[in-house]
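Student: Below is the structure I would like to discuss, written out as structure tokens.
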Amino acid sequence: MATIISQTREAQFPDRVRLPLTFDPARLAADLAMFEGDDWIAHFVTQNYEGDWSALPLRAHAGATHPVMMIYSPPDATDFVDTPFLSRTPYFAEVLAAFRCPVTCVRLMRLTPGSTIKEHRDHDLAAEEGWARIHVPVTTNPGVEFFVNRQPVTMLPGEAWYLRLSDPHSAANHGDVDRVHLVIDLIADAWLTEMLKG
């Protein structure tokens, strides 16, 4: 697949890369089952979606006490801590430890059936800018669509995907079960960028 040039600066990496890391879907699902419905927080950027798009913070910037602030990553934040939610999930902690680069914010992101995320960009969220977002699907279904630069990305449970989300992207859940991804924000150091080069 051809690399599409980022709108931020000239792209050095593809807009999507499946990383050479694989995690156990059953263990991911078991950790997800540790949470209740009222643990989830509606995504605060309401203009970007229709339906139910919610998050659960596992790692957040230090000093954030309200759950809404825990799912937001301020651009100037430099100190990050695990939230109490992460202590319930030993396998999610193992997944995070597999990334040998600085881990900043981590959250579970849930898109319920019939919900859509409108096309938008997360500015500067690109390895070229020093930041990378990784998606690890926990639960999904054949009716889930995810697009980067209006091209589909099919992600299966246990896979790990880098997506350049400073580019236009959108998602929809046309299925009948929740789509939940473990979303990991990283500093794009040499360890990670070597993987992105293929």
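By convention here, the chains of the structure tokens are called A, B, ... in the order presented, each chain's residues are numbered starting at 1, and ligands are numbered starting at 1 in the order presented.
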Need to verify the contact set: segment 21-23 of chain A, 8 Å, only C-alpha atoms, exclusion of same-chain residues closer than 4 positions in sequence. Can you return it as a ChimeraX atom specification?
Tutor: /A:28,95,158-160
Student: Restrict the selected residues to all heavy atoms and save them as a short mmCIF file (atom, residue, chain, number, x, y, z; two decimals), in the first residue's frame.
Tutor:
```cif
data_model
loop_
_atom_site.label_atom_id
_atom_site.label_comp_id
_atom_site.auth_asym_id
_atom_site.auth_seq_id
_atom_site.Cartn_x
_atom_site.Cartn_y
_atom_site.Cartn_z
N LEU A 28 -6.84 -10.66 26.84
CA LEU A 28 -7.31 -9.28 26.70
C LEU A 28 -8.78 -9.18 27.09
O LEU A 28 -9.18 -8.28 27.84
CB LEU A 28 -7.13 -8.80 25.25
CG LEU A 28 -5.70 -8.60 24.75
CD1 LEU A 28 -5.70 -8.39 23.24
CD2 LEU A 28 -5.03 -7.42 25.45
N VAL A 95 0.95 -6.17 28.46
CA VAL A 95 0.96 -5.61 27.10
C VAL A 95 1.76 -4.31 27.08
O VAL A 95 2.62 -4.10 26.21
CB VAL A 95 -0.48 -5.38 26.60
CG1 VAL A 95 -0.48 -4.59 25.29
CG2 VAL A 95 -1.21 -6.71 26.42
N GLY A 158 -5.87 -8.71 19.41
CA GLY A 158 -4.52 -9.13 19.73
C GLY A 158 -3.45 -8.55 18.84
O GLY A 158 -2.26 -8.62 19.17
N GLU A 159 -3.84 -7.96 17.70
CA GLU A 159 -2.85 -7.30 16.84
C GLU A 159 -2.51 -5.93 17.42
O GLU A 159 -3.29 -5.34 18.18
CB GLU A 159 -3.39 -7.15 15.42
CG GLU A 159 -3.65 -8.48 14.73
CD GLU A 159 -4.24 -8.31 13.34
OE1 GLU A 159 -4.68 -7.19 12.97
OE2 GLU A 159 -4.29 -9.33 12.61
N ALA A 160 -1.35 -5.40 17.02
CA ALA A 160 -0.94 -4.06 17.45
C ALA A 160 -0.68 -3.23 16.20
O ALA A 160 0.11 -3.62 15.33
CB ALA A 160 0.31 -4.13 18.31
#
```
Student: So which residues touch Leu58 of chain A within 10 Å, counting only C-alpha atoms, skipping near sequence neighbours fewer than 2 positions away, as a list of chain:residue names?
Tutor: A:Ala55, A:Leu56, A:Ala60, A:Met70, A:Ile71, A:Val81, A:Asp82, A:Thr83, A:Pro84, A:Phe85, A:Leu86, A:Ser87, A:Arg88, A:Thr89, A:Phe92, A:Ala93, A:Cys105, A:Val106, A:Arg107, A:Leu108, A:Leu182, A:Val183, A:Ile184
Student: Output N, CA, C and O atoms for every residue in the selection just made, as a PDB file, in the first residue's frame.
Tutor:
```
ATOM      1  N   ALA A  55     -14.533   6.005  27.009  1.00  0.00           N
ATOM      2  CA  ALA A  55     -13.158   5.649  27.343  1.00  0.00           C
ATOM      3  C   ALA A  55     -13.051   5.260  28.803  1.00  0.00           C
ATOM      4  O   ALA A  55     -13.914   5.595  29.631  1.00  0.00           O
ATOM      5  N   LEU A  56     -11.970   4.553  29.094  1.00  0.00           N
ATOM      6  CA  LEU A  56     -11.653   4.170  30.466  1.00  0.00           C
ATOM      7  C   LEU A  56     -10.140   4.332  30.628  1.00  0.00           C
ATOM      8  O   LEU A  56      -9.364   3.674  29.923  1.00  0.00           O
ATOM      9  N   ALA A  60      -2.486   7.953  32.887  1.00  0.00           N
ATOM     10  CA  ALA A  60      -2.865   9.344  32.647  1.00  0.00           C
ATOM     11  C   ALA A  60      -1.753  10.271  33.111  1.00  0.00           C
ATOM     12  O   ALA A  60      -0.825   9.854  33.808  1.00  0.00           O
ATOM     13  N   MET A  70      -8.419  12.361  32.998  1.00  0.00           N
ATOM     14  CA  MET A  70      -7.519  11.217  32.839  1.00  0.00           C
ATOM     15  C   MET A  70      -7.503  10.677  31.415  1.00  0.00           C
ATOM     16  O   MET A  70      -6.540  10.037  31.008  1.00  0.00           O
ATOM     17  N   ILE A  71      -8.562  10.921  30.656  1.00  0.00           N
ATOM     18  CA  ILE A  71      -8.566  10.416  29.274  1.00  0.00           C
ATOM     19  C   ILE A  71      -8.037  11.452  28.289  1.00  0.00           C
ATOM     20  O   ILE A  71      -7.953  11.185  27.095  1.00  0.00           O
ATOM     21  N   VAL A  81       1.258   8.532  35.097  1.00  0.00           N
ATOM     22  CA  VAL A  81       1.137   7.523  36.144  1.00  0.00           C
ATOM     23  C   VAL A  81       0.014   6.542  35.796  1.00  0.00           C
ATOM     24  O   VAL A  81      -0.921   6.892  35.067  1.00  0.00           O
ATOM     25  N   ASP A  82       0.119   5.336  36.329  1.00  0.00           N
ATOM     26  CA  ASP A  82      -0.955   4.357  36.161  1.00  0.00           C
ATOM     27  C   ASP A  82      -2.160   4.791  36.979  1.00  0.00           C
ATOM     28  O   ASP A  82      -2.020   5.344  38.075  1.00  0.00           O
ATOM     29  N   THR A  83      -3.354   4.526  36.466  1.00  0.00           N
ATOM     30  CA  THR A  83      -4.571   4.809  37.227  1.00  0.00           C
ATOM     31  C   THR A  83      -4.951   3.570  38.034  1.00  0.00           C
ATOM     32  O   THR A  83      -4.457   2.466  37.772  1.00  0.00           O
ATOM     33  N   PRO A  84      -5.843   3.712  39.017  1.00  0.00           N
ATOM     34  CA  PRO A  84      -6.289   2.537  39.775  1.00  0.00           C
ATOM     35  C   PRO A  84      -6.927   1.456  38.902  1.00  0.00           C
ATOM     36  O   PRO A  84      -6.890   0.280  39.249  1.00  0.00           O
ATOM     37  N   PHE A  85      -7.479   1.843  37.748  1.00  0.00           N
ATOM     38  CA  PHE A  85      -8.093   0.847  36.869  1.00  0.00           C
ATOM     39  C   PHE A  85      -7.069  -0.180  36.383  1.00  0.00           C
ATOM     40  O   PHE A  85      -7.378  -1.354  36.222  1.00  0.00           O
ATOM     41  N   LEU A  86      -5.839   0.270  36.119  1.00  0.00           N
ATOM     42  CA  LEU A  86      -4.836  -0.649  35.574  1.00  0.00           C
ATOM     43  C   LEU A  86      -4.509  -1.766  36.556  1.00  0.00           C
ATOM     44  O   LEU A  86      -4.184  -2.884  36.141  1.00  0.00           O
ATOM     45  N   SER A  87      -4.637  -1.508  37.851  1.00  0.00           N
ATOM     46  CA  SER A  87      -4.304  -2.541  38.842  1.00  0.00           C
ATOM     47  C   SER A  87      -5.260  -3.734  38.778  1.00  0.00           C
ATOM     48  O   SER A  87      -4.936  -4.810  39.280  1.00  0.00           O
ATOM     49  N   ARG A  88      -6.420  -3.562  38.138  1.00  0.00           N
ATOM     50  CA  ARG A  88      -7.363  -4.672  37.985  1.00  0.00           C
ATOM     51  C   ARG A  88      -6.990  -5.608  36.835  1.00  0.00           C
ATOM     52  O   ARG A  88      -7.592  -6.676  36.695  1.00  0.00           O
ATOM     53  N   THR A  89      -6.046  -5.175  36.007  1.00  0.00           N
ATOM     54  CA  THR A  89      -5.851  -5.843  34.718  1.00  0.00           C
ATOM     55  C   THR A  89      -4.391  -6.248  34.522  1.00  0.00           C
ATOM     56  O   THR A  89      -3.637  -5.554  33.833  1.00  0.00           O
ATOM     57  N   PHE A  92      -3.240  -6.420  30.716  1.00  0.00           N
ATOM     58  CA  PHE A  92      -3.019  -5.124  30.078  1.00  0.00           C
ATOM     59  C   PHE A  92      -1.660  -4.560  30.504  1.00  0.00           C
ATOM     60  O   PHE A  92      -0.944  -3.974  29.686  1.00  0.00           O
ATOM     61  N   ALA A  93      -1.293  -4.743  31.774  1.00  0.00           N
ATOM     62  CA  ALA A  93       0.022  -4.276  32.236  1.00  0.00           C
ATOM     63  C   ALA A  93       1.145  -5.008  31.503  1.00  0.00           C
ATOM     64  O   ALA A  93       2.165  -4.397  31.144  1.00  0.00           O
ATOM     65  N   CYS A 105      -0.057   8.210  27.794  1.00  0.00           N
ATOM     66  CA  CYS A 105      -1.447   7.913  28.164  1.00  0.00           C
ATOM     67  C   CYS A 105      -1.888   6.575  27.572  1.00  0.00           C
ATOM     68  O   CYS A 105      -1.502   6.219  26.459  1.00  0.00           O
ATOM     69  N   VAL A 106      -2.724   5.869  28.337  1.00  0.00           N
ATOM     70  CA  VAL A 106      -3.300   4.606  27.876  1.00  0.00           C
ATOM     71  C   VAL A 106      -4.763   4.604  28.280  1.00  0.00           C
ATOM     72  O   VAL A 106      -5.104   4.955  29.418  1.00  0.00           O
ATOM     73  N   ARG A 107      -5.608   4.183  27.354  1.00  0.00           N
ATOM     74  CA  ARG A 107      -7.035   4.113  27.672  1.00  0.00           C
ATOM     75  C   ARG A 107      -7.672   2.990  26.875  1.00  0.00           C
ATOM     76  O   ARG A 107      -7.154   2.595  25.822  1.00  0.00           O
ATOM     77  N   LEU A 108      -8.769   2.480  27.375  1.00  0.00           N
ATOM     78  CA  LEU A 108      -9.646   1.631  26.578  1.00  0.00           C
ATOM     79  C   LEU A 108     -10.645   2.544  25.892  1.00  0.00           C
ATOM     80  O   LEU A 108     -11.165   3.486  26.505  1.00  0.00           O
ATOM     81  N   LEU A 182      -7.576  -1.203  23.069  1.00  0.00           N
ATOM     82  CA  LEU A 182      -6.587  -0.690  24.002  1.00  0.00           C
ATOM     83  C   LEU A 182      -5.748   0.310  23.212  1.00  0.00           C
ATOM     84  O   LEU A 182      -5.099  -0.063  22.226  1.00  0.00           O
ATOM     85  N   VAL A 183      -5.795   1.572  23.611  1.00  0.00           N
ATOM     86  CA  VAL A 183      -5.155   2.655  22.854  1.00  0.00           C
ATOM     87  C   VAL A 183      -3.978   3.173  23.674  1.00  0.00           C
ATOM     88  O   VAL A 183      -4.163   3.645  24.805  1.00  0.00           O
ATOM     89  N   ILE A 184      -2.794   3.071  23.088  1.00  0.00           N
ATOM     90  CA  ILE A 184      -1.547   3.323  23.806  1.00  0.00           C
ATOM     91  C   ILE A 184      -0.809   4.466  23.130  1.00  0.00           C
ATOM     92  O   ILE A 184      -0.463   4.370  21.941  1.00  0.00           O
TER      93      ILE A 184
END
```
Student: Just to confirm, what's the straight-line distance from atom CA of Pro25 of chain A to atom CA of Ala98 of chain A in Å (one decimal)?
Tutor: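 Separation between atom CA of Pro25 of chain A and atom CA of Ala98 of chain A: 15.4 Å.
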Student: Would you kindly return, as a PDB file with C-alpha atoms, in the first residue's frame, each protein, DNA or RNA residue with an atom no farther than 10 Å from any atom of segment 130-134 of chain A, considering only C-alpha atoms and excluding same-chain residues fewer than 4 positions away?
Tutor:
```pdb
ATOM      1  CA  ARG A  16      -0.600   2.419   9.102  1.00  0.00           C
ATOM      2  CA  VAL A  17       1.778  -0.328  10.236  1.00  0.00           C
ATOM      3  CA  ARG A  18       0.952  -3.658  11.842  1.00  0.00           C
ATOM      4  CA  LEU A  19       3.680  -4.037  14.455  1.00  0.00           C
ATOM      5  CA  VAL A 103       4.401   5.064  27.476  1.00  0.00           C
ATOM      6  CA  THR A 104       2.371   8.199  28.141  1.00  0.00           C
ATOM      7  CA  CYS A 105      -1.447   7.913  28.164  1.00  0.00           C
ATOM      8  CA  VAL A 106      -3.300   4.606  27.876  1.00  0.00           C
ATOM      9  CA  ASP A 124       0.643  16.240  15.759  1.00  0.00           C
ATOM     10  CA  LEU A 125      -0.310  12.625  16.559  1.00  0.00           C
ATOM     11  CA  ALA A 126       2.248  11.131  14.188  1.00  0.00           C
ATOM     12  CA  GLU A 159      -2.851  -7.301  16.844  1.00  0.00           C
ATOM     13  CA  ALA A 160      -0.942  -4.061  17.447  1.00  0.00           C
ATOM     14  CA  TRP A 161      -1.281  -1.249  14.909  1.00  0.00           C
ATOM     15  CA  TYR A 162       0.396   2.109  14.545  1.00  0.00           C
ATOM     16  CA  LEU A 163      -1.917   4.627  12.862  1.00  0.00           C
ATOM     17  CA  ARG A 164      -0.902   8.142  11.830  1.00  0.00           C
ATOM     18  CA  LEU A 165      -3.914   9.924  13.264  1.00  0.00           C
ATOM     19  CA  SER A 166      -2.803  13.416  12.329  1.00  0.00           C
ATOM     20  CA  HIS A 181      -9.478  -1.063  21.602  1.00  0.00           C
ATOM     21  CA  LEU A 182      -6.587  -0.690  24.002  1.00  0.00           C
ATOM     22  CA  VAL A 183      -5.155   2.655  22.854  1.00  0.00           C
ATOM     23  CA  ILE A 184      -1.547   3.323  23.806  1.00  0.00           C
ATOM     24  CA  ASP A 185       0.212   6.656  23.343  1.00  0.00           C
ATOM     25  CA  LEU A 186       3.993   6.437  23.062  1.00  0.00           C
ATOM     26  CA  ILE A 187       6.981   8.645  22.527  1.00  0.00           C
ATOM     27  CA  ALA A 188       8.294   7.659  19.115  1.00  0.00           C
ATOM     28  CA  ASP A 189      11.883   6.821  20.008  1.00  0.00           C
ATOM     29  CA  LEU A 192       9.578   2.237  17.826  1.00  0.00           C
ATOM     30  CA  THR A 193      10.590   4.034  14.649  1.00  0.00           C
TER      31      THR A 193
END
```
Student: Using only C-alpha atoms for the distances, tell me which of A:Asp178, A:Pro90, A:Ile117, A:Asp122 is nearest to Arg27 of chain A.
Tutor: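 The answer is A:Pro90, which sits nearest to Arg27 of chain A.
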Student: For segment 41-49 of chain A, work out the shell of residues within 8 Å, counting only C-alpha atoms and skipping chain neighbours fewer than 5 positions away, then give it as a ChimeraX atom specification.
Tutor: /A:54-56,67-68,115-120
Student: Generate the output file for the selected residues, N, CA, C and O atoms, as a compact mmCIF listing (two decimals), in the first residue's frame.
Tutor:
```
# COMPACT_ATOMS: atom_id res chain seq x y z
N SER A 54 -16.86 5.92 24.21
CA SER A 54 -16.47 6.17 25.60
C SER A 54 -15.08 5.61 25.87
O SER A 54 -14.52 4.85 25.08
N ALA A 55 -14.53 6.00 27.01
CA ALA A 55 -13.16 5.65 27.34
C ALA A 55 -13.05 5.26 28.80
O ALA A 55 -13.91 5.59 29.63
N LEU A 56 -11.97 4.55 29.09
CA LEU A 56 -11.65 4.17 30.47
C LEU A 56 -10.14 4.33 30.63
O LEU A 56 -9.36 3.67 29.92
N PRO A 67 -11.91 11.59 36.16
CA PRO A 67 -11.79 10.66 35.03
C PRO A 67 -11.78 11.32 33.66
O PRO A 67 -11.09 10.86 32.75
N VAL A 68 -12.53 12.41 33.49
CA VAL A 68 -12.53 13.09 32.19
C VAL A 68 -11.13 13.62 31.88
O VAL A 68 -10.65 13.51 30.74
N SER A 115 -22.81 3.14 16.52
CA SER A 115 -22.13 4.41 16.76
C SER A 115 -21.07 4.67 15.68
O SER A 115 -20.53 3.74 15.10
N THR A 116 -20.79 5.96 15.46
CA THR A 116 -19.81 6.34 14.44
C THR A 116 -18.89 7.43 15.00
O THR A 116 -19.32 8.27 15.80
N ILE A 117 -17.65 7.40 14.55
CA ILE A 117 -16.68 8.47 14.82
C ILE A 117 -16.50 9.21 13.50
O ILE A 117 -16.09 8.62 12.50
N LYS A 118 -16.83 10.48 13.51
CA LYS A 118 -16.76 11.27 12.28
C LYS A 118 -15.29 11.50 11.88
O LYS A 118 -14.40 11.49 12.72
N GLU A 119 -15.09 11.72 10.59
CA GLU A 119 -13.74 11.97 10.12
C GLU A 119 -13.17 13.22 10.81
O GLU A 119 -13.81 14.27 10.86
N HIS A 120 -11.97 13.07 11.33
CA HIS A 120 -11.29 14.18 12.00
C HIS A 120 -9.80 13.89 12.02
O HIS A 120 -9.36 12.83 11.58
```
Student: Run DSSP on the backbone and grab whatever in segment 2-189 of chain A lands in alpha helix (DSSP H); send it over as a ChimeraX atom specification.
Tutor: /A:25-32,67-70,90-97
Student: I need the residues of segment 90-171 of chain A that end up classed as strand (DSSP E or B) by DSSP on the backbone, written out as JSON, numbers by chain.
Tutor: {"A": [103, 104, 105, 106, 107, 108, 109, 110, 111, 116, 117, 118, 119, 120, 131, 132, 133, 134, 135, 136, 137, 138, 139, 144, 145, 146, 147, 148, 151, 152, 159, 160, 161, 162, 163, 169, 170, 171]}
Student: Using N, CA, C and O atoms, can you export the residues from the last selection as a short mmCIF file (atom, residue, chain, number, x, y, z; two decimals), in the first residue's frame?
Tutor:
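Below is the file that was written, out_4.cif:
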```cif
data_model
loop_
_atom_site.label_atom_id
_atom_site.label_comp_id
_atom_site.auth_asym_id
_atom_site.auth_seq_id
_atom_site.Cartn_x
_atom_site.Cartn_y
_atom_site.Cartn_z
N VAL A 103 5.85 5.17 27.60
CA VAL A 103 4.40 5.06 27.48
C VAL A 103 3.79 6.25 28.21
O VAL A 103 4.07 6.47 29.38
N THR A 104 2.97 7.02 27.52
CA THR A 104 2.37 8.20 28.14
C THR A 104 0.94 7.87 28.59
O THR A 104 0.76 7.29 29.63
N CYS A 105 -0.06 8.21 27.79
CA CYS A 105 -1.45 7.91 28.16
C CYS A 105 -1.89 6.57 27.57
O CYS A 105 -1.50 6.22 26.46
N VAL A 106 -2.72 5.87 28.34
CA VAL A 106 -3.30 4.61 27.88
C VAL A 106 -4.76 4.60 28.28
O VAL A 106 -5.10 4.96 29.42
N ARG A 107 -5.61 4.18 27.35
CA ARG A 107 -7.03 4.11 27.67
C ARG A 107 -7.67 2.99 26.88
O ARG A 107 -7.15 2.60 25.82
N LEU A 108 -8.77 2.48 27.37
CA LEU A 108 -9.65 1.63 26.58
C LEU A 108 -10.65 2.54 25.89
O LEU A 108 -11.17 3.49 26.50
N MET A 109 -10.90 2.28 24.61
CA MET A 109 -11.85 3.08 23.85
C MET A 109 -12.94 2.16 23.33
O MET A 109 -12.64 1.18 22.63
N ARG A 110 -14.17 2.48 23.66
CA ARG A 110 -15.31 1.62 23.30
C ARG A 110 -16.24 2.36 22.34
O ARG A 110 -16.63 3.50 22.58
N LEU A 111 -16.59 1.68 21.25
CA LEU A 111 -17.56 2.18 20.29
C LEU A 111 -18.69 1.16 20.23
O LEU A 111 -18.48 0.03 19.79
N THR A 116 -20.79 5.96 15.46
CA THR A 116 -19.81 6.34 14.44
C THR A 116 -18.89 7.43 15.00
O THR A 116 -19.32 8.27 15.80
N ILE A 117 -17.65 7.40 14.55
CA ILE A 117 -16.68 8.47 14.82
C ILE A 117 -16.50 9.21 13.50
O ILE A 117 -16.09 8.62 12.50
N LYS A 118 -16.83 10.48 13.51
CA LYS A 118 -16.76 11.27 12.28
C LYS A 118 -15.29 11.50 11.88
O LYS A 118 -14.40 11.49 12.72
N GLU A 119 -15.09 11.72 10.59
CA GLU A 119 -13.74 11.97 10.12
C GLU A 119 -13.17 13.22 10.81
O GLU A 119 -13.81 14.27 10.86
N HIS A 120 -11.97 13.07 11.33
CA HIS A 120 -11.29 14.18 12.00
C HIS A 120 -9.80 13.89 12.02
O HIS A 120 -9.36 12.83 11.58
N TRP A 131 5.29 11.55 18.36
CA TRP A 131 4.25 10.88 19.14
C TRP A 131 3.62 9.79 18.30
O TRP A 131 3.42 9.96 17.10
N ALA A 132 3.29 8.68 18.92
CA ALA A 132 2.67 7.58 18.18
C ALA A 132 1.52 7.01 18.99
O ALA A 132 1.61 6.88 20.21
N ARG A 133 0.45 6.68 18.30
CA ARG A 133 -0.70 6.02 18.95
C ARG A 133 -0.81 4.61 18.38
O ARG A 133 -0.84 4.42 17.16
N ILE A 134 -0.90 3.65 19.29
CA ILE A 134 -1.02 2.25 18.93
C ILE A 134 -2.41 1.76 19.32
O ILE A 134 -2.89 2.04 20.43
N HIS A 135 -3.04 1.01 18.44
CA HIS A 135 -4.34 0.38 18.73
C HIS A 135 -4.14 -1.13 18.85
O HIS A 135 -3.56 -1.76 17.95
N VAL A 136 -4.62 -1.69 19.95
CA VAL A 136 -4.66 -3.14 20.13
C VAL A 136 -6.14 -3.51 20.30
O VAL A 136 -6.74 -3.24 21.35
N PRO A 137 -6.78 -4.09 19.28
CA PRO A 137 -8.18 -4.48 19.43
C PRO A 137 -8.36 -5.54 20.51
O PRO A 137 -7.59 -6.50 20.58
N VAL A 138 -9.36 -5.31 21.36
CA VAL A 138 -9.71 -6.27 22.41
C VAL A 138 -10.96 -7.04 21.98
O VAL A 138 -10.99 -8.28 22.02
N THR A 139 -11.99 -6.32 21.58
CA THR A 139 -13.18 -6.95 21.00
C THR A 139 -13.54 -6.17 19.74
O THR A 139 -13.41 -4.94 19.68
N VAL A 144 -17.31 -3.68 11.98
CA VAL A 144 -16.52 -2.50 12.35
C VAL A 144 -15.72 -2.02 11.15
O VAL A 144 -15.10 -2.81 10.44
N GLU A 145 -15.76 -0.72 10.93
CA GLU A 145 -14.96 -0.08 9.88
C GLU A 145 -14.06 0.96 10.52
O GLU A 145 -14.50 1.71 11.40
N PHE A 146 -12.81 0.99 10.09
CA PHE A 146 -11.87 2.03 10.52
C PHE A 146 -11.14 2.51 9.28
O PHE A 146 -10.64 1.68 8.50
N PHE A 147 -11.12 3.81 9.07
CA PHE A 147 -10.49 4.39 7.88
C PHE A 147 -9.41 5.38 8.28
O PHE A 147 -9.61 6.19 9.19
N VAL A 148 -8.27 5.30 7.61
CA VAL A 148 -7.23 6.32 7.69
C VAL A 148 -6.99 6.79 6.26
O VAL A 148 -6.80 5.96 5.36
N GLN A 151 -8.99 5.10 3.55
CA GLN A 151 -8.68 3.73 3.16
C GLN A 151 -8.89 2.83 4.38
O GLN A 151 -8.47 3.17 5.48
N PRO A 152 -9.55 1.67 4.21
CA PRO A 152 -9.88 0.83 5.38
C PRO A 152 -8.64 0.20 6.01
O PRO A 152 -7.68 -0.14 5.33
N GLU A 159 -3.84 -7.96 17.70
CA GLU A 159 -2.85 -7.30 16.84
C GLU A 159 -2.51 -5.93 17.42
O GLU A 159 -3.29 -5.34 18.18
N ALA A 160 -1.35 -5.40 17.02
CA ALA A 160 -0.94 -4.06 17.45
C ALA A 160 -0.68 -3.23 16.20
O ALA A 160 0.11 -3.62 15.33
N TRP A 161 -1.35 -2.09 16.10
CA TRP A 161 -1.28 -1.25 14.91
C TRP A 161 -0.88 0.17 15.26
O TRP A 161 -1.48 0.80 16.15
N TYR A 162 0.12 0.68 14.54
CA TYR A 162 0.40 2.11 14.55
C TYR A 162 -0.47 2.74 13.47
O TYR A 162 -0.52 2.25 12.33
N LEU A 163 -1.12 3.86 13.82
CA LEU A 163 -1.92 4.63 12.86
C LEU A 163 -1.51 6.09 12.96
O LEU A 163 -1.41 6.63 14.07
N HIS A 169 -9.19 10.46 9.73
CA HIS A 169 -9.58 9.09 10.09
C HIS A 169 -11.00 9.10 10.65
O HIS A 169 -11.50 10.12 11.11
N SER A 170 -11.64 7.93 10.55
CA SER A 170 -13.02 7.78 11.02
C SER A 170 -13.26 6.32 11.33
O SER A 170 -12.45 5.45 10.99
N ALA A 171 -14.37 6.05 12.00
CA ALA A 171 -14.71 4.67 12.35
C ALA A 171 -16.22 4.53 12.49
O ALA A 171 -16.93 5.52 12.71
#
```
Student: Quick one: residues within 8 Å of Glu128 of chain A, only C-alpha atoms, excluding same-chain residues fewer than 3 positions away - as a list in words?
Tutor: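 Those residues are Arg9, Glu10, Ala11, Gln12, Phe13 and Trp131 of chain A.
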